[in-house]
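Shown next: query-v8.pdb, given as PDB, C-alpha atoms, pLDDT in the B column.
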```
ATOM      1  CA  MET L   1      10.506  37.412 -12.559  1.00 59.00           C
ATOM      2  CA  ALA L   2      10.575  34.513 -10.126  1.00 59.00           C
ATOM      3  CA  ASN L   3      12.458  36.613  -7.567  1.00 64.00           C
ATOM      4  CA  HIS L   4       9.755  39.278  -7.743  1.00 60.00           C
ATOM      5  CA  LEU L   5       7.061  36.661  -7.151  1.00 57.00           C
ATOM      6  CA  VAL L   6       8.929  35.254  -4.156  1.00 55.00           C
ATOM      7  CA  ARG L   7       9.420  38.705  -2.635  1.00 64.00           C
ATOM      8  CA  TYR L   8       5.766  39.563  -3.187  1.00 59.00           C
ATOM      9  CA  ALA L   9       4.617  36.290  -1.578  1.00 57.00           C
ATOM     10  CA  ALA L  10       6.911  36.891   1.412  1.00 57.00           C
ATOM     11  CA  GLN L  11       5.550  40.428   1.892  1.00 64.00           C
ATOM     12  CA  GLN L  12       1.961  39.198   1.707  1.00 60.00           C
ATOM     13  CA  SER L  13       2.560  36.404   4.207  1.00 54.00           C
ATOM     14  CA  LYS L  14       4.282  38.826   6.633  1.00 53.00           C
ATOM     15  CA  ALA L  15       1.354  41.195   6.346  1.00 50.00           C
ATOM     16  CA  ARG L  16      -1.059  38.411   7.267  1.00 52.00           C
ATOM     17  CA  ILE L  17       1.030  36.819  10.024  1.00 48.00           C
ATOM     18  CA  ASN L  18       2.194  39.922  11.936  1.00 48.00           C
ATOM     19  CA  PRO L  19      -1.293  40.986  13.197  1.00 48.00           C
ATOM     20  CA  ILE L  20      -1.994  37.442  14.338  1.00 47.00           C
ATOM     21  CA  ILE L  21       1.314  37.221  16.218  1.00 47.00           C
ATOM     22  CA  SER L  22       0.718  40.551  17.942  1.00 46.00           C
ATOM     23  CA  GLN L  23      -2.786  39.417  18.977  1.00 47.00           C
ATOM     24  CA  VAL L  24      -1.408  36.192  20.417  1.00 45.00           C
ATOM     25  CA  ARG L  25       1.357  38.041  22.249  1.00 49.00           C
ATOM     26  CA  SER L  26      -1.033  40.578  23.739  1.00 50.00           C
ATOM     27  CA  ALA L  27      -3.443  37.844  24.861  1.00 48.00           C
ATOM     28  CA  HIS L  28      -0.543  35.874  26.320  1.00 51.00           C
ATOM     29  CA  ASP L  29       0.821  38.928  28.152  1.00 52.00           C
ATOM     30  CA  HIS L  30      -2.529  39.647  29.747  1.00 52.00           C
ATOM     31  CA  ALA L  31      -3.126  36.047  30.762  1.00 52.00           C
ATOM     32  CA  HIS L  32       0.265  35.492  32.397  1.00 54.00           C
ATOM     33  CA  ASP L  33       2.243  37.935  34.446  1.00 52.00           C
ATOM     34  CA  HIS L  34       5.378  35.854  34.187  1.00 57.00           C
ATOM     35  CA  HIS L  35       6.901  33.859  31.370  1.00 60.00           C
ATOM     36  CA  GLU L  36       8.123  30.397  32.222  1.00 62.00           C
ATOM     37  CA  VAL L  37      10.103  28.478  29.638  1.00 64.00           C
ATOM     38  CA  GLY L  38       9.387  24.751  29.878  1.00 69.00           C
ATOM     39  CA  ASP L  39      11.315  21.866  28.455  1.00 74.00           C
ATOM     40  CA  PRO L  40       9.885  21.280  24.968  1.00 76.00           C
ATOM     41  CA  ILE L  41      10.785  17.584  25.175  1.00 76.00           C
ATOM     42  CA  LYS L  42       8.747  17.134  28.365  1.00 77.00           C
ATOM     43  CA  THR L  43       5.708  18.702  26.711  1.00 78.00           C
ATOM     44  CA  ILE L  44       5.908  16.052  23.994  1.00 78.00           C
ATOM     45  CA  ILE L  45       6.721  12.929  26.031  1.00 81.00           C
ATOM     46  CA  GLY L  46       4.896  13.853  29.222  1.00 81.00           C
ATOM     47  CA  ASN L  47       5.984  12.166  32.450  1.00 81.00           C
ATOM     48  CA  ARG L  48       7.880   9.369  30.699  1.00 84.00           C
ATOM     49  CA  GLU L  49      11.489   8.882  31.667  1.00 84.00           C
ATOM     50  CA  VAL L  50      14.312   9.447  29.168  1.00 86.00           C
ATOM     51  CA  VAL L  51      16.556   6.395  29.508  1.00 85.00           C
ATOM     52  CA  GLY L  52      18.846   6.531  26.479  1.00 84.00           C
ATOM     53  CA  PHE L  53      20.040   8.268  23.354  1.00 84.00           C
ATOM     54  CA  GLY L  54      17.432   6.791  21.044  1.00 79.00           C
ATOM     55  CA  MET L  55      17.382   6.438  17.314  1.00 79.00           C
ATOM     56  CA  ASN L  56      18.996   9.534  15.742  1.00 80.00           C
ATOM     57  CA  GLY L  57      19.130  11.153  19.173  1.00 81.00           C
ATOM     58  CA  GLN L  58      15.391  11.817  19.243  1.00 81.00           C
ATOM     59  CA  PRO L  59      13.342  11.100  22.387  1.00 83.00           C
ATOM     60  CA  ASN L  60      10.809   8.764  20.827  1.00 83.00           C
ATOM     61  CA  TYR L  61       9.531   5.274  21.495  1.00 86.00           C
ATOM     62  CA  ILE L  62       9.520   2.588  18.816  1.00 84.00           C
ATOM     63  CA  ASP L  63       9.593  -1.217  18.997  1.00 86.00           C
ATOM     64  CA  ARG L  64      12.204  -2.459  16.513  1.00 86.00           C
ATOM     65  CA  VAL L  65      14.353  -5.566  16.446  1.00 86.00           C
ATOM     66  CA  ASP L  66      17.305  -3.728  14.896  1.00 86.00           C
ATOM     67  CA  PHE L  67      17.088  -0.974  17.523  1.00 83.00           C
ATOM     68  CA  PRO L  68      16.132  -2.719  20.780  1.00 85.00           C
ATOM     69  CA  LEU L  69      16.584   0.143  23.277  1.00 85.00           C
ATOM     70  CA  PRO L  70      14.232   3.100  22.804  1.00 88.00           C
ATOM     71  CA  ALA L  71      15.086   6.506  24.216  1.00 87.00           C
ATOM     72  CA  ILE L  72      12.079   6.774  26.524  1.00 88.00           C
ATOM     73  CA  ARG L  73      10.033   4.349  28.571  1.00 87.00           C
ATOM     74  CA  TYR L  74       6.761   3.052  27.155  1.00 88.00           C
ATOM     75  CA  LYS L  75       4.611   4.143  30.124  1.00 88.00           C
ATOM     76  CA  GLU L  76       4.709   7.185  32.348  1.00 86.00           C
ATOM     77  CA  VAL L  77       6.317   6.830  35.756  1.00 82.00           C
ATOM     78  CA  THR L  78       3.786   5.941  38.452  1.00 83.00           C
ATOM     79  CA  PRO L  79       4.385   4.865  42.064  1.00 80.00           C
ATOM     80  CA  ASP L  80       3.612   1.223  41.350  1.00 76.00           C
ATOM     81  CA  ILE L  81       6.120   1.152  38.462  1.00 76.00           C
ATOM     82  CA  GLN L  82       9.020   2.906  40.193  1.00 75.00           C
ATOM     83  CA  GLU L  83      12.069   0.802  40.947  1.00 68.00           C
ATOM     84  CA  LYS L  84      11.430  -1.440  43.927  1.00 72.00           C
ATOM     85  CA  GLY L  85      14.943  -2.404  44.927  1.00 75.00           C
ATOM     86  CA  ASP L  86      17.054  -5.408  44.042  1.00 81.00           C
ATOM     87  CA  TRP L  87      16.014  -7.073  40.791  1.00 80.00           C
ATOM     88  CA  HIS L  88      16.708 -10.554  42.196  1.00 86.00           C
ATOM     89  CA  LYS L  89      14.256 -10.066  45.075  1.00 86.00           C
ATOM     90  CA  LEU L  90      11.292  -9.184  42.844  1.00 87.00           C
ATOM     91  CA  THR L  91       8.624 -11.710  41.940  1.00 88.00           C
ATOM     92  CA  ILE L  92       8.049 -12.760  38.334  1.00 90.00           C
ATOM     93  CA  GLU L  93       4.881 -10.645  38.149  1.00 90.00           C
ATOM     94  CA  GLU L  94       6.711  -7.542  39.408  1.00 87.00           C
ATOM     95  CA  LYS L  95       9.487  -8.108  36.857  1.00 88.00           C
ATOM     96  CA  LYS L  96       6.904  -8.429  34.083  1.00 89.00           C
ATOM     97  CA  ALA L  97       5.193  -5.236  35.229  1.00 87.00           C
ATOM     98  CA  LEU L  98       8.520  -3.366  35.183  1.00 87.00           C
ATOM     99  CA  TYR L  99       9.343  -4.787  31.754  1.00 88.00           C
ATOM    100  CA  ARG L 100       5.953  -3.746  30.375  1.00 88.00           C
ATOM    101  CA  ALA L 101       6.482  -0.239  31.780  1.00 88.00           C
ATOM    102  CA  SER L 102       9.649   0.083  29.704  1.00 87.00           C
ATOM    103  CA  PHE L 103       8.652  -1.857  26.591  1.00 90.00           C
ATOM    104  CA  CYS L 104       5.374  -2.361  24.757  1.00 90.00           C
ATOM    105  CA  GLN L 105       6.309  -5.676  23.131  1.00 91.00           C
ATOM    106  CA  THR L 106       8.761  -8.491  23.716  1.00 89.00           C
ATOM    107  CA  PHE L 107      11.088  -9.653  20.940  1.00 89.00           C
ATOM    108  CA  ALA L 108       8.844 -12.654  20.334  1.00 90.00           C
ATOM    109  CA  GLU L 109       5.829 -10.367  19.907  1.00 91.00           C
ATOM    110  CA  ILE L 110       7.749  -8.075  17.546  1.00 88.00           C
ATOM    111  CA  LYS L 111       8.941 -10.984  15.390  1.00 90.00           C
ATOM    112  CA  ALA L 112       5.569 -12.766  15.368  1.00 91.00           C
ATOM    113  CA  PRO L 113       3.939 -12.914  11.933  1.00 90.00           C
ATOM    114  CA  THR L 114       1.160 -10.406  11.482  1.00 89.00           C
ATOM    115  CA  GLY L 115      -0.558 -11.858   8.427  1.00 91.00           C
ATOM    116  CA  GLU L 116      -0.009  -8.603   6.548  1.00 93.00           C
ATOM    117  CA  TRP L 117       1.337 -10.584   3.584  1.00 94.00           C
ATOM    118  CA  LYS L 118      -2.184 -11.772   2.848  1.00 96.00           C
ATOM    119  CA  SER L 119      -3.455  -8.277   2.201  1.00 96.00           C
ATOM    120  CA  VAL L 120      -0.343  -7.419   0.144  1.00 97.00           C
ATOM    121  CA  VAL L 121      -0.804 -10.495  -2.068  1.00 98.00           C
ATOM    122  CA  GLY L 122      -4.536  -9.799  -2.316  1.00 98.00           C
ATOM    123  CA  PHE L 123      -4.037  -6.211  -3.469  1.00 98.00           C
ATOM    124  CA  ALA L 124      -1.315  -7.315  -5.914  1.00 98.00           C
ATOM    125  CA  LEU L 125      -3.698  -9.867  -7.445  1.00 98.00           C
ATOM    126  CA  ILE L 126      -6.459  -7.263  -7.635  1.00 98.00           C
ATOM    127  CA  GLY L 127      -4.030  -4.947  -9.446  1.00 98.00           C
ATOM    128  CA  CYS L 128      -3.068  -7.721 -11.899  1.00 98.00           C
ATOM    129  CA  SER L 129      -6.735  -8.475 -12.509  1.00 98.00           C
ATOM    130  CA  ILE L 130      -7.523  -4.833 -13.222  1.00 98.00           C
ATOM    131  CA  ALA L 131      -4.550  -4.632 -15.602  1.00 98.00           C
ATOM    132  CA  CYS L 132      -5.759  -7.745 -17.469  1.00 98.00           C
ATOM    133  CA  TRP L 133      -9.285  -6.355 -17.801  1.00 98.00           C
ATOM    134  CA  ILE L 134      -7.906  -3.052 -19.099  1.00 98.00           C
ATOM    135  CA  TYR L 135      -5.815  -4.952 -21.664  1.00 97.00           C
ATOM    136  CA  ILE L 136      -8.822  -6.992 -22.806  1.00 96.00           C
ATOM    137  CA  TRP L 137     -10.975  -3.866 -23.067  1.00 96.00           C
ATOM    138  CA  MET L 138      -8.306  -2.007 -25.050  1.00 96.00           C
ATOM    139  CA  LYS L 139      -7.781  -5.001 -27.337  1.00 93.00           C
ATOM    140  CA  GLN L 140     -11.505  -5.148 -27.994  1.00 92.00           C
ATOM    141  CA  TYR L 141     -12.429  -1.462 -28.343  1.00 93.00           C
ATOM    142  CA  VAL L 142      -9.279   0.641 -28.797  1.00 94.00           C
ATOM    143  CA  TYR L 143      -6.869  -1.203 -31.057  1.00 91.00           C
ATOM    144  CA  ALA L 144      -7.698  -1.694 -34.721  1.00 90.00           C
ATOM    145  CA  PRO L 145      -7.644  -5.220 -36.124  1.00 88.00           C
ATOM    146  CA  LEU L 146      -4.340  -6.468 -37.487  1.00 88.00           C
ATOM    147  CA  PRO L 147      -3.638  -5.608 -41.120  1.00 92.00           C
ATOM    148  CA  VAL L 148      -4.040  -8.312 -43.769  1.00 92.00           C
ATOM    149  CA  THR L 149      -0.262  -8.422 -44.221  1.00 92.00           C
ATOM    150  CA  PHE L 150      -0.037 -10.378 -40.960  1.00 93.00           C
ATOM    151  CA  SER L 151      -1.830 -13.382 -42.426  1.00 94.00           C
ATOM    152  CA  PRO L 152       0.398 -16.439 -43.124  1.00 95.00           C
ATOM    153  CA  GLU L 153      -0.357 -16.343 -46.883  1.00 95.00           C
ATOM    154  CA  ARG L 154       0.709 -12.702 -47.165  1.00 95.00           C
ATOM    155  CA  GLN L 155       3.866 -13.288 -45.104  1.00 94.00           C
ATOM    156  CA  GLN L 156       4.820 -16.199 -47.386  1.00 93.00           C
ATOM    157  CA  ALA L 157       4.260 -14.028 -50.457  1.00 94.00           C
ATOM    158  CA  GLN L 158       6.380 -11.249 -48.939  1.00 93.00           C
ATOM    159  CA  LEU L 159       9.223 -13.709 -48.233  1.00 91.00           C
ATOM    160  CA  GLU L 160       9.123 -14.986 -51.841  1.00 91.00           C
ATOM    161  CA  ARG L 161       9.232 -11.423 -53.162  1.00 93.00           C
ATOM    162  CA  MET L 162      12.254 -10.593 -50.947  1.00 91.00           C
ATOM    163  CA  ILE L 163      14.056 -13.694 -52.299  1.00 89.00           C
ATOM    164  CA  ASN L 164      13.193 -12.788 -55.895  1.00 89.00           C
ATOM    165  CA  MET L 165      14.496  -9.245 -55.387  1.00 91.00           C
ATOM    166  CA  GLN L 166      17.694 -10.674 -53.795  1.00 88.00           C
ATOM    167  CA  ILE L 167      17.506  -8.442 -50.731  1.00 88.00           C
ATOM    168  CA  ALA L 168      20.702  -8.433 -48.587  1.00 87.00           C
ATOM    169  CA  PRO L 169      22.699 -10.950 -50.673  1.00 86.00           C
ATOM    170  CA  ILE L 170      25.886 -10.839 -48.571  1.00 87.00           C
ATOM    171  CA  GLU L 171      24.778 -11.498 -44.992  1.00 88.00           C
ATOM    172  CA  GLY L 172      21.016 -11.170 -45.034  1.00 87.00           C
ATOM    173  CA  LEU L 173      18.093 -13.212 -46.270  1.00 85.00           C
ATOM    174  CA  ALA L 174      19.277 -13.765 -49.875  1.00 86.00           C
ATOM    175  CA  SER L 175      22.641 -15.117 -48.668  1.00 88.00           C
ATOM    176  CA  LYS L 176      20.847 -18.073 -47.110  1.00 89.00           C
ATOM    177  CA  TYR L 177      18.976 -19.029 -50.311  1.00 88.00           C
ATOM    178  CA  ASP L 178      20.461 -21.130 -53.122  1.00 88.00           C
ATOM    179  CA  TYR L 179      19.199 -19.568 -56.371  1.00 87.00           C
ATOM    180  CA  GLU L 180      20.606 -22.338 -58.626  1.00 87.00           C
ATOM    181  CA  LYS L 181      18.725 -25.132 -56.818  1.00 88.00           C
ATOM    182  CA  GLY L 182      15.713 -22.969 -55.866  1.00 86.00           C
ATOM    183  CA  ARG L 183      15.754 -23.854 -52.160  1.00 88.00           C
ATOM    184  CA  TRP L 184      17.276 -22.756 -48.820  1.00 89.00           C
ATOM    185  CA  LYS L 185      20.935 -23.540 -48.210  1.00 87.00           C
ATOM    186  CA  GLU L 186      21.694 -26.233 -45.674  1.00 83.00           C
TER
END
```
Spell out the structure here as structure tokens.
Amino acid sequence: MANHLVRYAAQQSKARINPIISQVRSAHDHAHDHHEVGDPIKTIIGNREVVGFGMNGQPNYIDRVDFPLPAIRYKEVTPDIQEKGDWHKLTIEEKKALYRASFCQTFAEIKAPTGEWKSVVGFALIGCSIACWIYIWMKQYVYAPLPVTFSPERQQAQLERMINMQIAPIEGLASKYDYEKGRWKE
């Protein structure tokens, strides 16, 4: 039965998709006389330079302490950012500009505390407060009052009855009671 449903769904989706694909192809054919295949990576990253393998081999940029060298530069290549020769001959400002073209944050900026813990603790306390209010509401309106057998007098009477009936005389309650002296064994 499930196979029939899957086949039916596949046929219906093909019937809906095929006319759309043919319309797109015909519009594309009329708009362009030639078909140029571009690099799909360049369409995603733009004019940014690929400088390494990256995390999992993907050309993406991410600032992480455990993965310090991203696959692509942070900014796109512009004439004022392009390499200007020997690194030792550059001024401090030029070095900073080149660094900021490759990286968004320094290690100190990545490791700096963000204060996010405050919101996490706040939401955790709000959750605890809501849970307490739900408990109080359920205790008040949902749960029935405790039965009378939970009163201390009733529990004492139940214990005396269990001793009189000699319940569990080998290892249980009656084994700890001295029936000759009428008191608990020491």
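Matched in the shown structure by the PyMOL selection byres ((chain L and resi 104-120) around 8): Asp63, Arg64, Val65, Tyr74, Arg100, Ala101, Ser102, Phe103, Val121, Gly122, Phe123 and Ala124 of chain L.
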Expected file contents, prior selection, C-alpha atoms, as a PDB file, in the frame of the given file:
```pdb
ATOM      1  CA  ASP L  63       9.593  -1.217  18.997  1.00 86.00           C
ATOM      2  CA  ARG L  64      12.204  -2.459  16.513  1.00 86.00           C
ATOM      3  CA  VAL L  65      14.353  -5.566  16.446  1.00 86.00           C
ATOM      4  CA  TYR L  74       6.761   3.052  27.155  1.00 88.00           C
ATOM      5  CA  ARG L 100       5.953  -3.746  30.375  1.00 88.00           C
ATOM      6  CA  ALA L 101       6.482  -0.239  31.780  1.00 88.00           C
ATOM      7  CA  SER L 102       9.649   0.083  29.704  1.00 87.00           C
ATOM      8  CA  PHE L 103       8.652  -1.857  26.591  1.00 90.00           C
ATOM      9  CA  VAL L 121      -0.804 -10.495  -2.068  1.00 98.00           C
ATOM     10  CA  GLY L 122      -4.536  -9.799  -2.316  1.00 98.00           C
ATOM     11  CA  PHE L 123      -4.037  -6.211  -3.469  1.00 98.00           C
ATOM     12  CA  ALA L 124      -1.315  -7.315  -5.914  1.00 98.00           C
TER      13      ALA L 124
END
```
Exercise for the section: Would you mind listing what lies within 10 Å of Val77 in chain L as a count of residues only, with only C-alpha atoms counted and same-chain residues fewer than 3 positions away left out? Expected result: 12
Practice task
Give me, please, the distance in Å between CA of Leu159 in chain L and CA of Lys185 in chain L, quoted to one decimal.
Solution key: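 Separation between CA of Leu159 in chain L and CA of Lys185 in chain L: 15.3 Å.
Here CA of Gln166 in chain L is placed at a distance of 14.8 Å from CA of Lys181 in chain L.
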Edge lengths and centre in Å to one decimal, as lines of an AutoDock Vina configuration file, is what I'm after for the box along x, y and z that holds all listed atoms of range 118-121 of chain L once 4 Å is added on each side.
```
center_x = -1.9
center_y = -9.6
center_z = 0.4
size_x = 11.1
size_y = 12.4
size_z = 12.9
```
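Interatomic distance, CA of Pro70 in chain L against CA of Gln58 in chain L: 9.5 Å.
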Practice task
Translate the PyMOL selection byres ((chain L and resi 69) around 9), as applied to the file shown, into an explicit residue set as a ChimeraX atom specification.
Solution key: /L:51-55,61-64,67-68,70-72,103
